[in-house]
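Visitor: Pasting run08.pdb here (PDB, N, CA and C atoms and all ligand atoms):
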ATOM      1  N   MET A   1     100.506  80.588 114.073
ATOM      2  CA  MET A   1     100.966  81.760 113.312
ATOM      3  C   MET A   1     100.957  81.445 111.820
ATOM      4  N   GLY A   2     100.470  82.359 111.021
ATOM      5  CA  GLY A   2     100.383  82.136 109.583
ATOM      6  C   GLY A   2     101.665  82.500 108.869
ATOM      7  N   CYS A   3     101.727  82.111 107.597
ATOM      8  CA  CYS A   3     102.929  82.342 106.790
ATOM      9  C   CYS A   3     103.322  83.820 106.744
ATOM     10  N   SER A   4     102.340  84.703 106.582
ATOM     11  CA  SER A   4     102.687  86.109 106.410
ATOM     12  C   SER A   4     103.356  86.654 107.671
ATOM     13  N   GLN A   5     102.885  86.204 108.834
ATOM     14  CA  GLN A   5     103.507  86.651 110.086
ATOM     15  C   GLN A   5     104.900  86.061 110.241
ATOM     16  N   VAL A   6     105.048  84.791 109.878
ATOM     17  CA  VAL A   6     106.361  84.146 109.955
ATOM     18  C   VAL A   6     107.332  84.841 109.003
ATOM     19  N   GLN A   7     106.836  85.169 107.813
ATOM     20  CA  GLN A   7     107.717  85.783 106.823
ATOM     21  C   GLN A   7     108.170  87.174 107.260
ATOM     22  N   LEU A   8     107.310  87.852 108.014
ATOM     23  CA  LEU A   8     107.720  89.151 108.556
ATOM     24  C   LEU A   8     108.869  89.009 109.552
ATOM     25  N   LEU A   9     108.899  87.851 110.226
ATOM     26  CA  LEU A   9     109.941  87.623 111.232
ATOM     27  C   LEU A   9     111.228  87.057 110.632
ATOM     28  N   LEU A  10     111.137  86.583 109.378
ATOM     29  CA  LEU A  10     112.273  85.845 108.819
ATOM     30  C   LEU A  10     113.576  86.650 108.764
ATOM     31  N   SER A  11     113.486  87.929 108.397
ATOM     32  CA  SER A  11     114.742  88.672 108.281
ATOM     33  C   SER A  11     115.358  88.892 109.656
ATOM     34  N   ALA A  12     114.503  89.140 110.652
ATOM     35  CA  ALA A  12     115.010  89.266 112.015
ATOM     36  C   ALA A  12     115.562  87.921 112.501
ATOM     37  N   TYR A  13     114.875  86.854 112.114
ATOM     38  CA  TYR A  13     115.322  85.512 112.484
ATOM     39  C   TYR A  13     116.701  85.217 111.905
ATOM     40  N   ARG A  14     116.899  85.580 110.656
ATOM     41  CA  ARG A  14     118.207  85.405 110.008
ATOM     42  C   ARG A  14     119.307  86.099 110.801
ATOM     43  N   ASP A  15     118.976  87.293 111.264
ATOM     44  CA  ASP A  15     119.970  88.093 111.992
ATOM     45  C   ASP A  15     119.992  87.761 113.482
ATOM     46  N   LYS A  16     119.272  86.696 113.840
ATOM     47  CA  LYS A  16     119.199  86.269 115.238
ATOM     48  C   LYS A  16     118.716  87.386 116.152
ATOM     49  N   MET A  17     117.760  88.171 115.635
ATOM     50  CA  MET A  17     117.208  89.284 116.403
ATOM     51  C   MET A  17     115.856  88.931 117.026
ATOM     52  N   THR A  18     115.377  87.736 116.772
ATOM     53  CA  THR A  18     114.084  87.356 117.327
ATOM     54  C   THR A  18     114.249  86.858 118.762
ATOM     55  N   SER A  19     113.178  86.989 119.541
ATOM     56  CA  SER A  19     113.188  86.462 120.904
ATOM     57  C   SER A  19     113.194  84.934 120.842
ATOM     58  N   ARG A  20     113.413  84.304 122.004
ATOM     59  CA  ARG A  20     113.444  82.846 122.014
ATOM     60  C   ARG A  20     112.109  82.260 121.543
ATOM     61  N   GLU A  21     111.032  82.900 121.979
ATOM     62  CA  GLU A  21     109.699  82.435 121.578
ATOM     63  C   GLU A  21     109.507  82.558 120.071
ATOM     64  N   GLU A  22     109.885  83.712 119.542
ATOM     65  CA  GLU A  22     109.731  83.936 118.103
ATOM     66  C   GLU A  22     110.578  82.941 117.313
ATOM     67  N   THR A  23     111.797  82.707 117.784
ATOM     68  CA  THR A  23     112.672  81.760 117.115
ATOM     69  C   THR A  23     112.035  80.375 117.067
ATOM     70  N   GLN A  24     111.454  79.958 118.197
ATOM     71  CA  GLN A  24     110.806  78.644 118.239
ATOM     72  C   GLN A  24     109.630  78.568 117.284
ATOM     73  N   VAL A  25     108.842  79.637 117.254
ATOM     74  CA  VAL A  25     107.682  79.668 116.368
ATOM     75  C   VAL A  25     108.137  79.578 114.907
ATOM     76  N   VAL A  26     109.141  80.380 114.569
ATOM     77  CA  VAL A  26     109.634  80.396 113.194
ATOM     78  C   VAL A  26     110.207  79.028 112.817
ATOM     79  N   GLU A  27     111.023  78.448 113.712
ATOM     80  CA  GLU A  27     111.655  77.174 113.381
ATOM     81  C   GLU A  27     110.639  76.042 113.247
ATOM     82  N   SER A  28     109.640  76.028 114.141
ATOM     83  CA  SER A  28     108.671  74.940 114.032
ATOM     84  C   SER A  28     107.802  75.132 112.791
ATOM     85  N   HIS A  29     107.556  76.387 112.424
ATOM     86  CA  HIS A  29     106.794  76.644 111.196
ATOM     87  C   HIS A  29     107.613  76.222 109.969
ATOM     88  N   LEU A  30     108.886  76.551 109.979
ATOM     89  CA  LEU A  30     109.750  76.231 108.838
ATOM     90  C   LEU A  30     109.833  74.727 108.591
ATOM     91  N   GLU A  31     109.770  73.956 109.679
ATOM     92  CA  GLU A  31     109.856  72.501 109.532
ATOM     93  C   GLU A  31     108.728  71.941 108.678
ATOM     94  N   SER A  32     107.581  72.619 108.725
ATOM     95  CA  SER A  32     106.423  72.062 108.033
ATOM     96  C   SER A  32     105.958  72.918 106.857
ATOM     97  N   CYS A  33     106.684  73.984 106.541
ATOM     98  CA  CYS A  33     106.203  74.877 105.489
ATOM     99  C   CYS A  33     107.283  75.132 104.437
ATOM    100  N   VAL A  34     107.066  74.551 103.262
ATOM    101  CA  VAL A  34     108.037  74.702 102.178
ATOM    102  C   VAL A  34     108.084  76.145 101.671
ATOM    103  N   ASP A  35     106.912  76.805 101.670
ATOM    104  CA  ASP A  35     106.855  78.195 101.200
ATOM    105  C   ASP A  35     107.792  79.094 101.997
ATOM    106  N   CYS A  36     107.761  78.925 103.305
ATOM    107  CA  CYS A  36     108.584  79.784 104.148
ATOM    108  C   CYS A  36     110.053  79.367 104.095
ATOM    109  N   GLN A  37     110.316  78.074 103.882
ATOM    110  CA  GLN A  37     111.705  77.640 103.664
ATOM    111  C   GLN A  37     112.257  78.317 102.419
ATOM    112  N   ASP A  38     111.431  78.358 101.385
ATOM    113  CA  ASP A  38     111.771  79.029 100.130
ATOM    114  C   ASP A  38     112.067  80.499 100.354
ATOM    115  N   MET A  39     111.165  81.114 101.109
ATOM    116  CA  MET A  39     111.277  82.532 101.425
ATOM    117  C   MET A  39     112.590  82.809 102.137
ATOM    118  N   LEU A  40     112.951  81.938 103.079
ATOM    119  CA  LEU A  40     114.179  82.122 103.837
ATOM    120  C   LEU A  40     115.400  82.011 102.923
ATOM    121  N   SER A  41     115.384  81.063 102.006
ATOM    122  CA  SER A  41     116.551  80.927 101.139
ATOM    123  C   SER A  41     116.623  82.087 100.148
ATOM    124  N   GLN A  42     115.448  82.581  99.706
ATOM    125  CA  GLN A  42     115.446  83.777  98.848
ATOM    126  C   GLN A  42     115.981  84.980  99.610
ATOM    127  N   LEU A  43     115.555  85.076 100.861
ATOM    128  CA  LEU A  43     115.994  86.166 101.717
ATOM    129  C   LEU A  43     117.514  86.126 101.877
ATOM    130  N   ASN A  44     118.043  84.930 102.074
ATOM    131  CA  ASN A  44     119.492  84.781 102.197
ATOM    132  C   ASN A  44     120.205  85.275 100.947
ATOM    133  N   GLN A  45     119.661  84.919  99.783
ATOM    134  CA  GLN A  45     120.289  85.332  98.530
ATOM    135  C   GLN A  45     120.183  86.833  98.345
ATOM    136  N   ILE A  46     118.987  87.380  98.609
ATOM    137  CA  ILE A  46     118.777  88.820  98.448
ATOM    138  C   ILE A  46     119.695  89.599  99.375
ATOM    139  N   CYS A  47     119.792  89.156 100.605
ATOM    140  CA  CYS A  47     120.624  89.873 101.576
ATOM    141  C   CYS A  47     122.086  89.841 101.176
ATOM    142  N   LEU A  48     122.489  88.715 100.619
ATOM    143  CA  LEU A  48     123.864  88.587 100.151
ATOM    144  C   LEU A  48     124.141  89.611  99.055
ATOM    145  N   VAL A  49     123.199  89.722  98.110
ATOM    146  CA  VAL A  49     123.351  90.668  97.008
ATOM    147  C   VAL A  49     123.333  92.102  97.521
ATOM    148  N   LEU A  50     122.360  92.386  98.396
ATOM    149  CA  LEU A  50     122.239  93.750  98.929
ATOM    150  C   LEU A  50     123.496  94.155  99.677
ATOM    151  N   ARG A  51     124.027  93.228 100.466
ATOM    152  CA  ARG A  51     125.220  93.562 101.248
ATOM    153  C   ARG A  51     126.395  93.837 100.318
ATOM    154  N   THR A  52     126.467  93.069  99.235
ATOM    155  CA  THR A  52     127.534  93.292  98.273
ATOM    156  C   THR A  52     127.373  94.654  97.618
ATOM    157  N   LEU A  53     126.121  94.960  97.221
ATOM    158  CA  LEU A  53     125.844  96.235  96.563
ATOM    159  C   LEU A  53     126.129  97.406  97.491
ATOM    160  N   ASP A  54     125.714  97.256  98.733
ATOM    161  CA  ASP A  54     125.877  98.347  99.689
ATOM    162  C   ASP A  54     127.269  98.379 100.291
ATOM    163  N   ASN A  55     128.063  97.411  99.924
ATOM    164  CA  ASN A  55     129.431  97.355 100.431
ATOM    165  C   ASN A  55     129.468  97.413 101.958
ATOM    166  N   LEU A  56     128.584  96.594 102.566
ATOM    167  CA  LEU A  56     128.515  96.455 104.019
ATOM    168  C   LEU A  56     128.062  97.721 104.752
ATOM    169  N   LYS A  57     127.490  98.669 104.002
ATOM    170  CA  LYS A  57     126.974  99.865 104.656
ATOM    171  C   LYS A  57     125.788  99.517 105.555
ATOM    172  N   ALA A  58     124.936  98.606 105.060
ATOM    173  CA  ALA A  58     123.769  98.201 105.840
ATOM    174  C   ALA A  58     124.171  97.090 106.792
ATOM    175  N   PRO A  59     124.136  97.358 108.072
ATOM    176  CA  PRO A  59     124.556  96.349 109.038
ATOM    177  C   PRO A  59     123.590  95.184 109.077
ATOM    178  N   ARG A  60     122.340  95.465 108.732
ATOM    179  CA  ARG A  60     121.341  94.436 108.821
ATOM    180  C   ARG A  60     120.449  94.504 107.594
ATOM    181  N   CYS A  61     119.973  93.369 107.226
ATOM    182  CA  CYS A  61     119.141  93.297 106.037
ATOM    183  C   CYS A  61     117.675  93.265 106.472
ATOM    184  N   LEU A  62     117.021  94.391 106.420
ATOM    185  CA  LEU A  62     115.668  94.484 106.935
ATOM    186  C   LEU A  62     114.643  94.203 105.851
ATOM    187  N   TRP A  63     113.620  93.477 106.251
ATOM    188  CA  TRP A  63     112.612  93.060 105.291
ATOM    189  C   TRP A  63     111.934  94.258 104.630
ATOM    190  N   GLN A  64     111.629  95.299 105.394
ATOM    191  CA  GLN A  64     110.972  96.471 104.817
ATOM    192  C   GLN A  64     111.836  97.060 103.710
ATOM    193  N   ASP A  65     113.117  97.056 103.968
ATOM    194  CA  ASP A  65     114.064  97.582 103.011
ATOM    195  C   ASP A  65     114.077  96.735 101.739
ATOM    196  N   ILE A  66     114.054  95.429 101.924
ATOM    197  CA  ILE A  66     114.041  94.511 100.781
ATOM    198  C   ILE A  66     112.768  94.708  99.971
ATOM    199  N   LYS A  67     111.635  94.764 100.681
ATOM    200  CA  LYS A  67     110.362  94.918  99.994
ATOM    201  C   LYS A  67     110.340  96.209  99.185
ATOM    202  N   ARG A  68     110.869  97.263  99.763
ATOM    203  CA  ARG A  68     110.891  98.542  99.060
ATOM    204  C   ARG A  68     111.689  98.401  97.758
ATOM    205  N   ARG A  69     112.793  97.676  97.836
ATOM    206  CA  ARG A  69     113.623  97.528  96.643
ATOM    207  C   ARG A  69     112.979  96.629  95.607
ATOM    208  N   LEU A  70     112.172  95.678  96.071
ATOM    209  CA  LEU A  70     111.529  94.751  95.141
ATOM    210  C   LEU A  70     110.325  95.379  94.453
ATOM    211  N   ASP A  71     109.681  96.334  95.099
ATOM    212  CA  ASP A  71     108.458  96.930  94.537
ATOM    213  C   ASP A  71     108.755  97.775  93.298
TER     214      ASP A  71
HETATM  215 ZN    ZN B   1     104.748  79.240 105.963
END
Written as C-alpha cells, that's how I'd like the structure from this file.
Ligand SMILES: [Zn+2]

Guide:
Amino acid sequence: MGCSQVQLLLSAYRDKMTSREETQVVESHLESCVDCQDMLSQLNQICLVLRTLDNLKAPRCLWQDIKRRLD
C-alpha cells in the first residue's frame, strides 16, 4: 500500500475505526515511513485544534473535512 492510501486511512486509524487488517497495514507502514508518521502527528494536532474550535460538536475528525478546511 502506498503513502496516499495509508494517509487516507490515518484519520480513521486515529479514531480506531479501521478494520484489523487496515490497522496492521497502517502500523507496519508507519514503522518504515517517516512521511506518514509526520502526517499522523500533524493529523493529531489538527484534530485537536478542530475539536477545540468546534467545541466537541464534531464527534470524529474526518480527513475529508480536514482537507476541505486546509484548501
Ligand atoms: Zn508513507

Visitor: Just say which residues the PyMOL selection byres (((not hetatm) and name CA) within 12 of (chain B and resi 1)) picks in this file, as a list in words.

Guide: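 Listing what the PyMOL selection byres (((not hetatm) and name CA) within 12 of (chain B and resi 1)) selects in the shown file: Met1, Gly2, Cys3, Ser4, Gln5, Val6, Gln7, Leu8, Leu9, Leu10, Val25, Val26, Glu27, Ser28, His29, Leu30, Glu31, Ser32, Cys33, Val34, Asp35, Cys36, Gln37, Asp38, Met39 and Leu40 of chain A.
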
Visitor: Would you mind reading off the distance between atom C of Ser19 in chain A and CA of Leu70 in chain A, one decimal, in Å?

Guide: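 Separation between atom C of Ser19 in chain A and CA of Leu70 in chain A: 27.6 Å.
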
Visitor: Can you work out the spacing between atom C of Met17 in chain A and CA of Leu53 in chain A in Å, to one decimal?

Guide: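 Interatomic distance, atom C of Met17 in chain A to CA of Leu53 in chain A: 23.9 Å.
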
Visitor: Would you mind reading off the distance between atom N of Arg69 in chain A and CA of Arg20 in chain A, one decimal, in Å?

Guide: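 Calculated distance between atom N of Arg69 in chain A and CA of Arg20 in chain A is 28.4 Å.
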